[in-house]
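target_13.cif follows; it contains mmCIF, C-alpha atoms.
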data_target
loop_
_atom_site.group_PDB
_atom_site.id
_atom_site.type_symbol
_atom_site.label_atom_id
_atom_site.label_comp_id
_atom_site.auth_asym_id
_atom_site.auth_seq_id
_atom_site.Cartn_x
_atom_site.Cartn_y
_atom_site.Cartn_z
ATOM 1 C CA MET A 1 -43.830 -33.856 99.821
ATOM 2 C CA SER A 2 -41.463 -35.222 102.435
ATOM 3 C CA GLU A 3 -38.110 -36.756 101.565
ATOM 4 C CA ILE A 4 -39.400 -40.157 102.742
ATOM 5 C CA ASP A 5 -42.455 -39.943 100.496
ATOM 6 C CA LYS A 6 -40.361 -38.839 97.527
ATOM 7 C CA GLU A 7 -37.925 -41.725 97.898
ATOM 8 C CA LEU A 8 -40.698 -44.294 98.394
ATOM 9 C CA LEU A 9 -42.436 -42.966 95.295
ATOM 10 C CA LEU A 10 -39.199 -43.317 93.347
ATOM 11 C CA VAL A 11 -38.706 -46.884 94.625
ATOM 12 C CA GLY A 12 -42.120 -47.813 93.254
ATOM 13 C CA ALA A 13 -41.703 -45.873 90.019
ATOM 14 C CA PHE A 14 -38.302 -47.307 89.174
ATOM 15 C CA THR A 15 -39.549 -50.792 90.026
ATOM 16 C CA ALA A 16 -42.553 -50.389 87.705
ATOM 17 C CA LEU A 17 -40.254 -49.115 84.957
ATOM 18 C CA ARG A 18 -38.059 -52.215 85.404
ATOM 19 C CA SER A 19 -35.056 -49.991 86.031
ATOM 20 C CA ALA A 20 -31.617 -51.384 86.744
ATOM 21 C CA PRO A 21 -31.336 -52.909 90.224
ATOM 22 C CA VAL A 22 -28.642 -50.403 91.166
ATOM 23 C CA ILE A 23 -31.175 -47.573 90.776
ATOM 24 C CA ILE A 24 -33.827 -49.318 92.869
ATOM 25 C CA ARG A 25 -31.260 -50.187 95.549
ATOM 26 C CA ALA A 26 -30.060 -46.580 95.663
ATOM 27 C CA HIS A 27 -33.554 -45.262 96.301
ATOM 28 C CA VAL A 28 -34.323 -47.934 98.899
ATOM 29 C CA GLN A 29 -31.133 -46.845 100.680
ATOM 30 C CA LYS A 30 -32.053 -43.164 100.353
ATOM 31 C CA SER A 31 -35.512 -43.882 101.773
ATOM 32 C CA LEU A 32 -33.887 -45.560 104.794
ATOM 33 C CA LYS A 33 -31.552 -42.624 105.333
ATOM 34 C CA ALA A 34 -34.548 -40.264 105.119
ATOM 35 C CA GLY A 35 -36.244 -42.203 107.941
ATOM 36 C CA ALA A 36 -38.422 -44.818 106.208
ATOM 37 C CA ASP A 37 -38.230 -48.418 107.292
ATOM 38 C CA LEU A 38 -37.683 -51.503 105.178
ATOM 39 C CA ARG A 39 -41.365 -52.450 105.293
ATOM 40 C CA GLN A 40 -42.332 -49.142 103.699
ATOM 41 C CA SER A 41 -39.952 -49.592 100.776
ATOM 42 C CA LEU A 42 -41.115 -53.171 100.290
ATOM 43 C CA ALA A 43 -44.745 -51.978 100.286
ATOM 44 C CA ALA A 44 -43.884 -49.446 97.566
ATOM 45 C CA ILE A 45 -42.442 -52.270 95.471
ATOM 46 C CA GLU A 46 -45.422 -54.551 96.090
ATOM 47 C CA LEU A 47 -47.804 -51.880 94.811
ATOM 48 C CA THR A 48 -46.304 -52.248 91.335
ATOM 49 C CA LEU A 49 -47.580 -55.804 90.838
ATOM 50 C CA LEU A 50 -50.989 -55.065 89.326
ATOM 51 C CA GLU A 51 -49.840 -52.413 86.873
ATOM 52 C CA ALA A 52 -46.301 -53.507 86.032
ATOM 53 C CA GLY A 53 -46.516 -57.276 86.421
ATOM 54 C CA ARG A 54 -44.636 -60.050 88.117
ATOM 55 C CA SER A 55 -41.283 -59.516 86.398
ATOM 56 C CA ALA A 56 -41.139 -55.906 87.596
ATOM 57 C CA LEU A 57 -42.103 -56.996 91.105
ATOM 58 C CA ASP A 58 -39.435 -59.706 91.133
ATOM 59 C CA GLY A 59 -36.757 -57.244 90.029
ATOM 60 C CA GLY A 60 -37.761 -54.791 92.726
ATOM 61 C CA VAL A 61 -37.907 -57.423 95.460
ATOM 62 C CA ASP A 62 -34.498 -58.772 94.451
ATOM 63 C CA ALA A 63 -32.983 -55.272 94.642
ATOM 64 C CA TRP A 64 -34.759 -54.619 97.962
ATOM 65 C CA HIS A 65 -33.484 -57.888 99.390
ATOM 66 C CA GLU A 66 -29.879 -56.947 98.587
ATOM 67 C CA VAL A 67 -30.296 -53.761 100.621
ATOM 68 C CA ALA A 68 -32.191 -55.486 103.452
ATOM 69 C CA ALA A 69 -29.598 -58.257 103.757
ATOM 70 C CA ALA A 70 -26.625 -55.878 103.760
ATOM 71 C CA PRO A 71 -24.731 -55.286 106.994
ATOM 72 C CA GLY A 72 -26.062 -52.196 108.736
ATOM 73 C CA ALA A 73 -29.452 -52.137 107.010
ATOM 74 C CA HIS A 74 -31.156 -52.836 110.336
ATOM 75 C CA ARG A 75 -29.524 -49.824 111.948
ATOM 76 C CA LEU A 76 -30.869 -47.583 109.192
ATOM 77 C CA SER A 77 -34.352 -49.045 109.322
ATOM 78 C CA ARG A 78 -36.568 -47.900 112.193
ATOM 79 C CA ASN A 79 -37.925 -50.673 114.399
ATOM 80 C CA MET A 80 -37.721 -53.391 111.770
ATOM 81 C CA PRO A 81 -36.208 -56.722 112.639
ATOM 82 C CA LEU A 82 -35.744 -58.477 109.312
ATOM 83 C CA ARG A 83 -37.147 -61.940 109.796
ATOM 84 C CA HIS A 84 -36.688 -63.401 106.345
ATOM 85 C CA THR A 85 -33.134 -63.177 105.030
ATOM 86 C CA GLN A 86 -32.927 -66.229 102.804
ATOM 87 C CA THR A 87 -31.831 -65.697 99.238
ATOM 88 C CA ARG A 88 -34.716 -65.924 96.811
ATOM 89 C CA THR A 89 -34.498 -68.675 94.233
ATOM 90 C CA HIS A 90 -35.925 -68.584 90.752
ATOM 91 C CA PRO A 91 -37.229 -71.626 88.897
#
Rewrite the structure of this file - the entire thing - as structure tokens.
Amino acid sequence: MSEIDKELLLVGAFTALRSAPVIIRAHVQKSLKAGADLRQSLAAIELTLLEAGRSALDGGVDAWHEVAAAPGAHRLSRNMPLRHTQTRTHP
């Protein structure tokens, strides 16, 4: 298994387990450093919706957004201009 695949798997797993945001952020960052792009890590998080539910998805997306909005995230991510950088709001 490649380093990219391992980190993307861990992003999804820790999201589904509703792990602390710091853990999810760390693995999103590691996936970027391994050569994944931001879309791939977001896709790994989105896959958790059916099995883990909306609250797990929201936690993962919030953690992902912190990484994606950070200075330098675009340089780490291959070919991904981040189009949506607004802060998510919760009801």
Task: Within 12 Å of Glu51 (chain A) using only C-alpha atoms, minus same-chain residues under 6 positions, as a PyMOL selection string - done: chain A and resi 12-13+15-18+45+57
- [ ] For CA of Glu46 (chain A) and CA of Gly60 (chain A), quote the distance in Å rounded to one decimal.
- [x]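 Calculated distance between CA of Glu46 (chain A) and CA of Gly60 (chain A) is 8.4 Å.
Nearest to Ser41 (chain A) of all the residues A:Ala73, A:Val11, A:Ala56, A:Val67 is A:Val11, based on only C-alpha atoms.
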Report, as AutoDock Vina command-line options, the centre and edge lengths in Å (one decimal) of the axis-aligned box enclosing every listed atom of region 68-74 of chain A, padded by 4 Å on each side.
--center_x -28.5 --center_y -55.2 --center_z 106.9 --size_x 15.5 --size_y 14.1 --size_z 14.9
- [ ] Using all atoms listed in the file, pick whichever of A:Pro71, A:Leu9, A:Ser19, A:Met1 has the shortest atom-to-atom distance to Gln40 (chain A).
- [x] A:Leu9
Missing atoms of region 46-65 of chain A rebuilt to N, CA, C and O atoms, written as a short mmCIF file (atom, residue, chain, number, x, y, z; two decimals), in the frame of the given file:
data_model
loop_
_atom_site.label_atom_id
_atom_site.label_comp_id
_atom_site.auth_asym_id
_atom_site.auth_seq_id
_atom_site.Cartn_x
_atom_site.Cartn_y
_atom_site.Cartn_z
N GLU A 46 -44.28 -53.64 96.26
CA GLU A 46 -45.42 -54.55 96.09
C GLU A 46 -46.58 -53.89 95.36
O GLU A 46 -47.34 -54.56 94.66
N LEU A 47 -46.73 -52.59 95.49
CA LEU A 47 -47.80 -51.88 94.81
C LEU A 47 -47.68 -51.92 93.29
O LEU A 47 -48.65 -51.66 92.58
N THR A 48 -46.51 -52.25 92.79
CA THR A 48 -46.30 -52.25 91.34
C THR A 48 -46.85 -53.50 90.66
O THR A 48 -46.97 -53.54 89.44
N LEU A 49 -47.19 -54.52 91.41
CA LEU A 49 -47.58 -55.80 90.84
C LEU A 49 -48.72 -55.69 89.84
O LEU A 49 -48.62 -56.18 88.71
N LEU A 50 -49.82 -55.08 90.21
CA LEU A 50 -50.99 -55.06 89.33
C LEU A 50 -50.75 -54.32 88.02
O LEU A 50 -51.20 -54.75 86.96
N GLU A 51 -50.04 -53.21 88.08
CA GLU A 51 -49.84 -52.41 86.87
C GLU A 51 -48.62 -52.82 86.06
O GLU A 51 -48.64 -52.75 84.84
N ALA A 52 -47.56 -53.24 86.74
CA ALA A 52 -46.30 -53.51 86.03
C ALA A 52 -46.02 -54.99 85.84
O ALA A 52 -45.18 -55.36 85.03
N GLY A 53 -46.69 -55.84 86.60
CA GLY A 53 -46.52 -57.28 86.42
C GLY A 53 -45.49 -57.92 87.33
O GLY A 53 -44.74 -57.26 88.05
N ARG A 54 -45.47 -59.23 87.24
CA ARG A 54 -44.64 -60.05 88.12
C ARG A 54 -43.14 -59.84 87.89
O ARG A 54 -42.36 -59.81 88.84
N SER A 55 -42.72 -59.67 86.64
CA SER A 55 -41.28 -59.52 86.40
C SER A 55 -40.76 -58.22 87.01
O SER A 55 -39.64 -58.19 87.54
N ALA A 56 -41.55 -57.16 86.97
CA ALA A 56 -41.14 -55.91 87.60
C ALA A 56 -41.07 -56.09 89.11
O ALA A 56 -40.11 -55.66 89.75
N LEU A 57 -42.09 -56.74 89.67
CA LEU A 57 -42.10 -57.00 91.10
C LEU A 57 -40.88 -57.81 91.53
O LEU A 57 -40.20 -57.47 92.49
N ASP A 58 -40.59 -58.86 90.79
CA ASP A 58 -39.44 -59.71 91.13
C ASP A 58 -38.13 -58.91 91.11
O ASP A 58 -37.29 -59.07 92.00
N GLY A 59 -37.97 -58.07 90.10
CA GLY A 59 -36.76 -57.24 90.03
C GLY A 59 -36.64 -56.30 91.20
O GLY A 59 -35.56 -56.13 91.78
N GLY A 60 -37.77 -55.70 91.59
CA GLY A 60 -37.76 -54.79 92.73
C GLY A 60 -37.49 -55.50 94.03
O GLY A 60 -36.72 -55.03 94.87
N VAL A 61 -38.12 -56.66 94.22
CA VAL A 61 -37.91 -57.42 95.46
C VAL A 61 -36.46 -57.91 95.55
O VAL A 61 -35.85 -57.88 96.62
N ASP A 62 -35.90 -58.34 94.43
CA ASP A 62 -34.50 -58.77 94.45
C ASP A 62 -33.57 -57.62 94.86
O ASP A 62 -32.67 -57.80 95.68
N ALA A 63 -33.80 -56.44 94.29
CA ALA A 63 -32.98 -55.27 94.64
C ALA A 63 -33.19 -54.90 96.11
O ALA A 63 -32.23 -54.60 96.83
N TRP A 64 -34.45 -54.93 96.56
CA TRP A 64 -34.76 -54.62 97.96
C TRP A 64 -34.05 -55.59 98.90
O TRP A 64 -33.49 -55.20 99.91
N HIS A 65 -34.08 -56.87 98.53
CA HIS A 65 -33.48 -57.89 99.39
C HIS A 65 -31.98 -57.67 99.54
O HIS A 65 -31.43 -57.89 100.62
#
